[in-house]
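*Asks:* Structure file run-v7.txt, compact mmCIF, C-alpha atoms, is pasted below:
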```
# COMPACT_ATOMS: atom_id res chain seq x y z
CA MET A 1 101.08 131.86 166.44
CA ILE A 2 97.57 131.00 165.27
CA LYS A 3 97.57 133.94 162.85
CA MET A 4 100.92 132.87 161.39
CA ILE A 5 99.66 129.33 160.78
CA ASN A 6 96.51 130.65 159.10
CA ASP A 7 98.60 132.92 156.86
CA GLN A 8 100.92 130.13 155.76
CA PHE A 9 98.47 127.28 155.29
CA ARG A 10 95.12 126.58 153.74
CA TYR A 11 93.32 123.29 154.11
CA GLN A 12 92.14 120.75 151.60
CA ILE A 13 88.90 119.25 152.94
CA ARG A 14 87.21 116.10 151.64
CA ASP A 15 83.77 115.07 152.76
CA ILE A 16 83.86 111.25 152.76
CA SER A 17 80.28 110.79 153.94
CA VAL A 18 77.52 109.22 151.88
CA PRO A 19 74.42 111.41 151.41
CA LEU A 20 71.36 110.13 153.24
CA ARG A 21 68.48 110.07 150.79
CA ASN A 22 65.23 108.23 150.23
CA ASP A 23 66.57 106.00 147.44
CA MET A 24 69.95 105.17 148.99
CA VAL A 25 71.38 101.64 149.07
CA LEU A 26 70.71 99.80 152.33
CA TRP A 27 71.79 96.56 153.95
CA PRO A 28 69.27 93.82 152.99
CA GLY A 29 66.47 93.66 155.54
CA SER A 30 67.11 97.13 156.96
CA PRO A 31 64.14 99.45 157.42
CA ARG A 32 63.63 101.87 154.56
CA PHE A 33 65.32 105.24 155.00
CA TYR A 34 63.06 108.22 154.44
CA ILE A 35 62.44 111.78 155.49
CA GLN A 36 58.79 112.52 156.17
CA TRP A 37 57.52 116.08 155.97
CA VAL A 38 55.06 116.91 158.76
CA LYS A 39 54.80 120.63 158.05
CA ARG A 40 55.29 122.48 154.78
CA LEU A 41 55.27 126.19 154.04
CA GLU A 42 53.70 125.44 150.68
CA ASP A 43 50.76 123.87 152.52
CA GLY A 44 50.16 126.98 154.57
CA GLN A 45 52.07 125.90 157.68
CA HIS A 46 54.19 128.45 159.54
CA CYS A 47 57.43 126.48 158.94
CA ASN A 48 58.94 123.42 157.31
CA ALA A 49 59.44 120.43 159.66
CA SER A 50 60.31 116.81 159.03
CA VAL A 51 60.84 113.45 160.74
CA LEU A 52 63.76 111.14 159.98
CA HIS A 53 63.21 107.37 159.80
CA CYS A 54 66.35 105.25 159.53
CA ASP A 55 68.44 102.33 160.65
CA MET A 56 71.45 103.35 162.77
CA HIS A 57 73.60 101.65 160.11
CA ALA A 58 72.32 103.66 157.15
CA GLY A 59 74.94 105.37 155.01
CA THR A 60 78.13 106.49 156.73
CA HIS A 61 78.01 105.21 160.29
CA ILE A 62 80.06 104.11 163.29
CA ASP A 63 79.72 100.69 164.94
CA ALA A 64 80.27 100.70 168.70
CA PRO A 65 81.22 97.54 170.68
CA LEU A 66 77.57 97.15 171.76
CA HIS A 67 76.73 96.24 168.15
CA TYR A 68 78.06 92.70 168.73
CA LEU A 69 79.02 92.52 172.41
CA ALA A 70 76.32 92.16 175.07
CA ASN A 71 78.21 94.29 177.58
CA GLY A 72 80.04 96.45 175.05
CA LYS A 73 80.22 100.23 175.13
CA ASP A 74 77.39 102.07 173.45
CA ILE A 75 78.02 104.82 170.92
CA ALA A 76 77.78 107.57 173.55
CA GLU A 77 80.58 105.93 175.54
CA CYS A 78 83.02 105.76 172.62
CA LYS A 79 86.02 108.05 172.96
CA LEU A 80 85.91 110.96 170.55
CA ASN A 81 89.70 111.07 170.35
CA HIS A 82 89.52 107.64 168.69
CA LEU A 83 87.32 109.20 166.01
CA CYS A 84 89.29 112.40 165.45
CA GLY A 85 92.97 112.75 164.65
CA SER A 86 95.63 111.58 162.25
CA VAL A 87 94.43 108.87 159.87
CA TYR A 88 96.10 106.92 157.10
CA VAL A 89 94.24 106.20 153.86
CA ALA A 90 95.53 102.95 152.36
CA GLU A 91 94.57 101.25 149.12
CA CYS A 92 93.68 97.57 148.83
CA LYS A 93 92.68 97.02 145.22
CA GLY A 94 92.10 93.97 143.05
CA LYS A 95 90.94 91.77 145.95
CA ARG A 96 87.48 90.98 147.29
CA LEU A 97 88.90 89.75 150.61
CA ILE A 98 91.48 91.82 152.46
CA GLY A 99 93.82 89.82 154.66
CA PRO A 100 97.25 90.35 156.23
CA GLU A 101 99.10 90.12 152.92
CA GLU A 102 96.95 92.78 151.29
CA LEU A 103 97.35 95.02 154.33
CA LYS A 104 101.12 94.55 154.35
CA GLU A 105 101.29 95.39 150.64
CA SER A 106 99.49 98.67 151.39
CA ASN A 107 102.57 99.93 153.29
CA ILE A 108 100.58 101.08 156.30
CA PRO A 109 102.96 102.95 158.63
CA LYS A 110 103.64 101.44 162.04
CA SER A 111 102.61 104.76 163.58
CA CYS A 112 99.09 104.45 162.11
CA HIS A 113 96.36 104.32 164.77
CA ARG A 114 93.42 105.20 162.52
CA LEU A 115 93.08 103.45 159.17
CA LEU A 116 90.77 103.91 156.20
CA LEU A 117 90.73 101.26 153.48
CA ARG A 118 90.08 102.43 149.93
CA THR A 119 89.08 99.36 147.93
CA ASP A 120 87.52 98.55 144.58
CA ASN A 121 84.21 99.45 146.24
CA SER A 122 85.10 103.10 145.68
CA LYS A 123 85.05 102.61 141.90
CA ASP A 124 81.34 101.83 142.10
CA LEU A 125 80.55 105.00 144.04
CA LEU A 126 78.41 103.88 146.97
CA ALA A 127 77.09 107.43 147.13
CA ASN A 128 75.37 106.94 143.75
CA GLN A 129 74.08 103.37 144.18
CA ASN A 130 70.58 102.24 145.00
CA LEU A 131 71.09 98.47 144.58
CA PHE A 132 73.00 96.39 147.13
CA ASP A 133 76.13 94.59 145.85
CA GLN A 134 76.68 91.27 147.65
CA ASN A 135 80.23 90.96 146.26
CA PHE A 136 81.70 94.04 147.89
CA CYS A 137 85.32 94.10 149.11
CA ALA A 138 85.64 93.33 152.82
CA LEU A 139 88.09 92.42 155.57
CA SER A 140 88.89 88.81 156.44
CA GLU A 141 89.10 87.44 159.98
CA GLU A 142 92.88 87.24 159.65
CA GLY A 143 92.93 90.85 158.44
CA ALA A 144 90.91 91.88 161.50
CA ILE A 145 93.42 90.15 163.79
CA TRP A 146 96.28 91.94 161.99
CA ILE A 147 94.60 95.27 162.69
CA THR A 148 94.11 94.52 166.40
CA GLU A 149 97.75 93.50 166.71
CA ARG A 150 98.79 96.91 165.32
CA ASN A 151 97.00 98.80 168.12
CA ILE A 152 94.75 100.55 165.62
CA LEU A 153 91.89 102.47 167.28
CA LEU A 154 89.61 102.83 164.26
CA VAL A 155 89.26 101.17 160.89
CA GLY A 156 87.02 102.36 158.09
CA ILE A 157 85.94 100.96 154.73
CA ASP A 158 84.07 102.12 151.65
CA TYR A 159 80.98 99.91 151.87
CA LEU A 160 78.14 99.25 154.31
CA SER A 161 79.98 96.51 156.19
CA ILE A 162 83.57 95.67 156.97
CA GLN A 163 82.89 91.93 156.81
CA PRO A 164 81.81 89.86 153.80
CA PHE A 165 78.13 89.37 153.05
CA LYS A 166 76.46 86.25 154.51
CA GLN A 167 79.46 85.26 156.61
CA HIS A 168 79.53 84.82 160.37
CA ASP A 169 80.23 87.87 162.47
CA LEU A 170 83.79 87.17 163.61
CA VAL A 171 85.30 90.16 161.80
CA HIS A 172 83.09 92.57 163.72
CA SER A 173 83.58 90.66 166.97
CA ILE A 174 87.37 90.51 166.66
CA LEU A 175 87.62 94.24 166.11
CA LEU A 176 85.04 95.35 168.66
CA GLU A 177 86.34 93.05 171.40
CA SER A 178 89.66 94.87 171.01
CA GLN A 179 87.85 98.23 171.23
CA VAL A 180 88.54 99.02 167.56
CA LEU A 181 85.77 101.30 166.35
CA ILE A 182 84.40 100.54 162.89
CA LEU A 183 83.55 103.27 160.39
CA GLU A 184 81.48 101.97 157.48
CA GLY A 185 79.81 103.40 154.40
CA LEU A 186 82.59 105.80 153.36
CA ASN A 187 82.99 107.51 150.02
CA LEU A 188 86.74 107.36 149.35
CA ASN A 189 86.55 107.76 145.60
CA GLY A 190 89.33 110.07 144.47
CA VAL A 191 90.76 110.53 147.97
CA GLU A 192 94.54 110.69 147.86
CA LEU A 193 96.40 108.00 149.76
CA GLY A 194 98.49 108.86 152.78
CA TRP A 195 98.09 110.91 155.93
CA TRP A 196 95.07 113.11 156.67
CA GLU A 197 93.27 114.46 159.70
CA LEU A 198 89.96 112.74 160.37
CA PHE A 199 86.97 114.40 161.98
CA CYS A 200 84.12 111.96 162.50
CA LEU A 201 81.39 112.51 165.07
CA PRO A 202 78.43 110.27 165.95
CA LEU A 203 75.18 111.52 167.37
CA LEU A 204 75.11 111.46 171.18
CA LEU A 205 72.82 108.42 171.56
CA PRO A 206 73.09 106.64 174.94
CA GLU A 207 72.26 102.92 174.69
CA ALA A 208 72.60 102.89 170.88
CA GLU A 209 74.89 100.33 169.23
CA ALA A 210 75.76 102.61 166.30
CA SER A 211 75.15 106.03 164.86
CA PRO A 212 75.08 107.80 161.51
CA ALA A 213 78.07 110.13 161.20
CA ARG A 214 79.49 112.96 159.14
CA ALA A 215 83.10 112.19 158.30
CA ILE A 216 85.58 114.60 156.74
CA LEU A 217 89.29 114.53 155.96
CA ARG A 218 91.56 117.55 156.16
CA ARG A 219 95.19 118.23 155.26
CA PRO A 220 97.14 121.50 155.06
CA ILE A 221 98.13 123.08 151.77
CA GLN A 222 101.09 125.40 152.09
CA VAL A 223 100.58 128.82 150.56
CA LEU A 224 103.74 130.04 148.85
```
Mind turning the file's structure into structure tokens?
*Replies:*
Amino acid sequence: MIKMINDQFRYQIRDISVPLRNDMVLWPGSPRFYIQWVKRLEDGQHCNASVLHCDMHAGTHIDAPLHYLANGKDIAECKLNHLCGSVYVAECKGKRLIGPEELKESNIPKSCHRLLLRTDNSKDLLANQNLFDQNFCALSEEGAIWITERNILLVGIDYLSIQPFKQHDLVHSILLESQVLILEGLNLNGVELGWWELFCLPLLLPEAEASPARAILRRPIQVL
């Protein structure tokens, strides 16, 4: 059976992660991201070795409930089946604030339990930015409530935060109190709307409130 499936299908794979690099855009006030070389072959050392310095919320990352809830689950306690599986990519364009109306207009299927929001942020290519944009598209409190009422397990967005800049933290709190994991810092530019398979894994970091992640989308392509 496995051989038959492999013969009939190939897979389209999209990496929707943002590269981690020294000049990447960061949330204001976050520690600078950098990779420090501690051994170099060119310096006569026997190998290359480096140290990574970063905020847990740098680039593509997952927020666990502990990020905003004192007794919330840490990233190591988050269920991997919430982070991997069928996902729906919806578009919310032309709006800086995404509420229930915008979500309804996106025709998100009732069977959707993992949701990625492709917004106008994707036009600006977060992966290529090095200056923070305070006017990014984000989810409203009412939009967050709409998502929790739909029994969605994970919601992702194409900027460094799912809530607007310099607003109180209710969007995060509403989602995380309902055990909705938050995937931020995605690169959804050019990603086709509709159903995909999501594979998104955090580092195994007990007691951490978040983790950088590598996120990919996959869908079968039938071979005629």
*Asks:* Which residue, A:Ala213, A:Lys104, A:Glu177, A:Ala70, has the smallest gap to Leu20 (chain A) when you use only C-alpha atoms?
*Replies:*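 Answer, going by the shortest atom-to-atom distance: A:Ala213.
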*Asks:* Compile a residue-level contact table for region 23-97 of chain A against region 183-193 of chain A at a cut-off of 6 Å, reporting for every qualifying residue the shortest atom pair and its distance in Å to one decimal, with only C-alpha atoms counted, rows ordered by chain and ascending number, as a Markdown table.
*Replies:*
```
| residue | atom | partner | partner_atom | distance |
| --- | --- | --- | --- | --- |
| A:Gly59 | CA | A:Gly185 | CA | 5.3 |
| A:Thr60 | CA | A:Gly185 | CA | 4.2 |
| A:His61 | CA | A:Glu184 | CA | 5.5 |
| A:Ile62 | CA | A:Leu183 | CA | 4.6 |
| A:Val89 | CA | A:Leu193 | CA | 5.0 |
| A:Ala90 | CA | A:Leu193 | CA | 5.7 |
```
*Asks:* Between CA of Leu115 (chain A) and CA of Val87 (chain A), what is the distance, to one decimal in Å?
*Replies:* 5.6 Å
*Asks:* One decimal, Å: what's the distance from CA of Ser106 (chain A) over to CA of Tyr159 (chain A), could you say?
*Replies:*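 According to the coordinates, CA of Ser106 (chain A) and CA of Tyr159 (chain A) are separated by 18.6 Å.
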*Asks:* Could you give me, as a ChimeraX atom specification, the residues within 10 Å of Pro31 (chain A), counting only C-alpha atoms and dropping anything in the same chain fewer than 5 positions from it?
*Replies:* /A:26,53-56,58
*Asks:* Let's have the selection written as a JSON list (two decimals), keeping the file's coordinate frame, with C-alpha atoms.
*Replies:*
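What follows is the written file out-v3.json:
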```json
[["chain", "number", "residue", "atom", "x", "y", "z"],
["A", 26, "LEU", "CA", 70.71, 99.80, 152.33],
["A", 53, "HIS", "CA", 63.21, 107.37, 159.80],
["A", 54, "CYS", "CA", 66.35, 105.25, 159.53],
["A", 55, "ASP", "CA", 68.44, 102.33, 160.65],
["A", 56, "MET", "CA", 71.45, 103.35, 162.77],
["A", 58, "ALA", "CA", 72.32, 103.66, 157.15]]
```
*Asks:* Write out as a ChimeraX atom specification which residues come within 8 Å of Ile98 (chain A) when counting only C-alpha atoms, dropping same-chain ones fewer than 5 positions away.
*Replies:* /A:92,103,137-140,143
*Asks:* May I ask which of the residues A:Leu80, A:Leu117, A:Leu201, A:Val25 is the closest one to Ile162 (chain A), counting all atoms listed in the file?
*Replies:*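 Ranked by minimum distance to Ile162 (chain A), first place goes to A:Leu117.
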*Asks:* Rounded to one decimal place, report the CA of Gln163 (chain A)-CA of Phe136 (chain A) distance in Å.
*Replies:*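 Computing it gives 9.2 Å between the two atoms.
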*Asks:* Closest to Leu66 (chain A) among A:Lys95, A:Gln45, A:Ile216, A:Ser211, using only C-alpha atoms?
*Replies:* A:Ser211
*Asks:* With only C-alpha atoms as the atoms that count, which of A:Ala49, A:Ile182, A:Leu205, A:Leu175 lies nearest to Leu116 (chain A)?
*Replies:* A:Ile182
*Asks:* From the set A:His113, A:Lys93, A:Lys73, A:His57, which residue has the shortest atom-to-atom contact distance to Arg150 (chain A), counting only C-alpha atoms?
*Replies:*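 Answer, going by the shortest atom-to-atom distance: A:His113.
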*Asks:* Which protein, DNA or RNA residues are at most 7 Å from (74.8, 102.3, 169.8) in the file's coordinates when you count all atoms listed in the file, listed as a count of residues only?
*Replies:* 12
*Asks:* Restricting the calculation to all atoms listed in the file, which member of A:His172, A:Arg114, A:Arg32, A:Lys39 is positioned closest to His82 (chain A)?
*Replies:*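 Closest candidate: A:Arg114.
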*Asks:* Enclose the full set of atoms of region 166-185 of chain A listed in the file within a box whose edges lie along x, y and z, apply 3 Å of padding to each of the six sides, and report centre and edge lengths in Å to one decimal as JSON.
*Replies:*
```
{"center_x": 83.1, "center_y": 94.1, "center_z": 162.9, "size_x": 19.2, "size_y": 24.6, "size_z": 23.0}
```
*Asks:* Provide region 166-197 of chain A rebuilt to N, CA and C atoms, formatted as a PDB file, in the frame of the given file.
*Replies:*
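Contents of part-v6.pdb, as written:
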```pdb
ATOM      1  N   LYS A 166      76.897  87.613 154.175  1.00  0.00           N
ATOM      2  CA  LYS A 166      76.460  86.250 154.510  1.00  0.00           C
ATOM      3  C   LYS A 166      77.569  85.401 155.095  1.00  0.00           C
ATOM      4  N   GLN A 167      78.464  86.011 155.850  1.00  0.00           N
ATOM      5  CA  GLN A 167      79.460  85.260 156.610  1.00  0.00           C
ATOM      6  C   GLN A 167      79.216  85.533 158.091  1.00  0.00           C
ATOM      7  N   HIS A 168      79.735  84.630 158.941  1.00  0.00           N
ATOM      8  CA  HIS A 168      79.530  84.820 160.370  1.00  0.00           C
ATOM      9  C   HIS A 168      80.212  86.116 160.818  1.00  0.00           C
ATOM     10  N   ASP A 169      79.934  86.513 162.021  1.00  0.00           N
ATOM     11  CA  ASP A 169      80.230  87.870 162.470  1.00  0.00           C
ATOM     12  C   ASP A 169      81.583  88.025 163.161  1.00  0.00           C
ATOM     13  N   LEU A 170      82.513  87.133 162.892  1.00  0.00           N
ATOM     14  CA  LEU A 170      83.790  87.170 163.610  1.00  0.00           C
ATOM     15  C   LEU A 170      84.594  88.426 163.327  1.00  0.00           C
ATOM     16  N   VAL A 171      84.518  88.961 162.112  1.00  0.00           N
ATOM     17  CA  VAL A 171      85.300  90.160 161.800  1.00  0.00           C
ATOM     18  C   VAL A 171      84.877  91.304 162.715  1.00  0.00           C
ATOM     19  N   HIS A 172      83.573  91.540 162.808  1.00  0.00           N
ATOM     20  CA  HIS A 172      83.090  92.570 163.720  1.00  0.00           C
ATOM     21  C   HIS A 172      83.503  92.259 165.167  1.00  0.00           C
ATOM     22  N   SER A 173      83.297  91.028 165.578  1.00  0.00           N
ATOM     23  CA  SER A 173      83.580  90.660 166.970  1.00  0.00           C
ATOM     24  C   SER A 173      85.054  90.819 167.319  1.00  0.00           C
ATOM     25  N   ILE A 174      85.931  90.392 166.418  1.00  0.00           N
ATOM     26  CA  ILE A 174      87.370  90.510 166.660  1.00  0.00           C
ATOM     27  C   ILE A 174      87.763  91.960 166.869  1.00  0.00           C
ATOM     28  N   LEU A 175      87.275  92.821 166.011  1.00  0.00           N
ATOM     29  CA  LEU A 175      87.620  94.240 166.110  1.00  0.00           C
ATOM     30  C   LEU A 175      87.008  94.883 167.350  1.00  0.00           C
ATOM     31  N   LEU A 176      85.720  94.670 167.560  1.00  0.00           N
ATOM     32  CA  LEU A 176      85.040  95.350 168.660  1.00  0.00           C
ATOM     33  C   LEU A 176      85.462  94.836 170.023  1.00  0.00           C
ATOM     34  N   GLU A 177      85.826  93.563 170.132  1.00  0.00           N
ATOM     35  CA  GLU A 177      86.340  93.050 171.400  1.00  0.00           C
ATOM     36  C   GLU A 177      87.664  93.708 171.776  1.00  0.00           C
ATOM     37  N   SER A 178      88.393  94.156 170.768  1.00  0.00           N
ATOM     38  CA  SER A 178      89.660  94.870 171.010  1.00  0.00           C
ATOM     39  C   SER A 178      89.461  96.372 171.057  1.00  0.00           C
ATOM     40  N   GLN A 179      88.192  96.808 171.132  1.00  0.00           N
ATOM     41  CA  GLN A 179      87.850  98.230 171.230  1.00  0.00           C
ATOM     42  C   GLN A 179      88.260  99.012 169.988  1.00  0.00           C
ATOM     43  N   VAL A 180      88.295  98.341 168.839  1.00  0.00           N
ATOM     44  CA  VAL A 180      88.540  99.020 167.560  1.00  0.00           C
ATOM     45  C   VAL A 180      87.194  99.488 167.029  1.00  0.00           C
ATOM     46  N   LEU A 181      87.008 100.783 166.909  1.00  0.00           N
ATOM     47  CA  LEU A 181      85.770 101.300 166.350  1.00  0.00           C
ATOM     48  C   LEU A 181      85.745 101.065 164.845  1.00  0.00           C
ATOM     49  N   ILE A 182      84.548 100.866 164.309  1.00  0.00           N
ATOM     50  CA  ILE A 182      84.400 100.540 162.890  1.00  0.00           C
ATOM     51  C   ILE A 182      83.604 101.643 162.213  1.00  0.00           C
ATOM     52  N   LEU A 183      84.190 102.203 161.166  1.00  0.00           N
ATOM     53  CA  LEU A 183      83.550 103.270 160.390  1.00  0.00           C
ATOM     54  C   LEU A 183      83.213 102.700 159.011  1.00  0.00           C
ATOM     55  N   GLU A 184      81.938 102.620 158.712  1.00  0.00           N
ATOM     56  CA  GLU A 184      81.480 101.970 157.480  1.00  0.00           C
ATOM     57  C   GLU A 184      80.701 102.939 156.607  1.00  0.00           C
ATOM     58  N   GLY A 185      80.594 102.597 155.319  1.00  0.00           N
ATOM     59  CA  GLY A 185      79.810 103.400 154.400  1.00  0.00           C
ATOM     60  C   GLY A 185      80.512 104.682 153.967  1.00  0.00           C
ATOM     61  N   LEU A 186      81.825 104.617 153.754  1.00  0.00           N
ATOM     62  CA  LEU A 186      82.590 105.800 153.360  1.00  0.00           C
ATOM     63  C   LEU A 186      82.607 105.978 151.842  1.00  0.00           C
ATOM     64  N   ASN A 187      82.776 107.204 151.435  1.00  0.00           N
ATOM     65  CA  ASN A 187      82.990 107.510 150.020  1.00  0.00           C
ATOM     66  C   ASN A 187      84.438 107.973 149.875  1.00  0.00           C
ATOM     67  N   LEU A 188      85.313 107.053 149.480  1.00  0.00           N
ATOM     68  CA  LEU A 188      86.740 107.360 149.350  1.00  0.00           C
ATOM     69  C   LEU A 188      87.173 107.510 147.904  1.00  0.00           C
ATOM     70  N   ASN A 189      86.218 107.607 147.008  1.00  0.00           N
ATOM     71  CA  ASN A 189      86.550 107.760 145.600  1.00  0.00           C
ATOM     72  C   ASN A 189      87.332 109.052 145.363  1.00  0.00           C
ATOM     73  N   GLY A 190      88.518 108.909 144.778  1.00  0.00           N
ATOM     74  CA  GLY A 190      89.330 110.070 144.470  1.00  0.00           C
ATOM     75  C   GLY A 190      90.123 110.639 145.632  1.00  0.00           C
ATOM     76  N   VAL A 191      89.998 110.041 146.809  1.00  0.00           N
ATOM     77  CA  VAL A 191      90.760 110.530 147.970  1.00  0.00           C
ATOM     78  C   VAL A 191      92.214 110.087 147.839  1.00  0.00           C
ATOM     79  N   GLU A 192      93.122 111.011 147.958  1.00  0.00           N
ATOM     80  CA  GLU A 192      94.540 110.690 147.860  1.00  0.00           C
ATOM     81  C   GLU A 192      94.976 109.806 149.025  1.00  0.00           C
ATOM     82  N   LEU A 193      95.869 108.872 148.717  1.00  0.00           N
ATOM     83  CA  LEU A 193      96.400 108.000 149.760  1.00  0.00           C
ATOM     84  C   LEU A 193      97.341 108.780 150.666  1.00  0.00           C
ATOM     85  N   GLY A 194      97.548 108.245 151.865  1.00  0.00           N
ATOM     86  CA  GLY A 194      98.490 108.860 152.780  1.00  0.00           C
ATOM     87  C   GLY A 194      97.817 109.451 154.004  1.00  0.00           C
ATOM     88  N   TRP A 195      98.536 110.356 154.652  1.00  0.00           N
ATOM     89  CA  TRP A 195      98.090 110.910 155.930  1.00  0.00           C
ATOM     90  C   TRP A 195      97.100 112.057 155.745  1.00  0.00           C
ATOM     91  N   TRP A 196      96.073 112.044 156.574  1.00  0.00           N
ATOM     92  CA  TRP A 196      95.070 113.110 156.670  1.00  0.00           C
ATOM     93  C   TRP A 196      94.740 113.313 158.146  1.00  0.00           C
ATOM     94  N   GLU A 197      93.951 114.332 158.413  1.00  0.00           N
ATOM     95  CA  GLU A 197      93.270 114.460 159.700  1.00  0.00           C
ATOM     96  C   GLU A 197      91.822 114.019 159.503  1.00  0.00           C
TER      97      GLU A 197
END
```
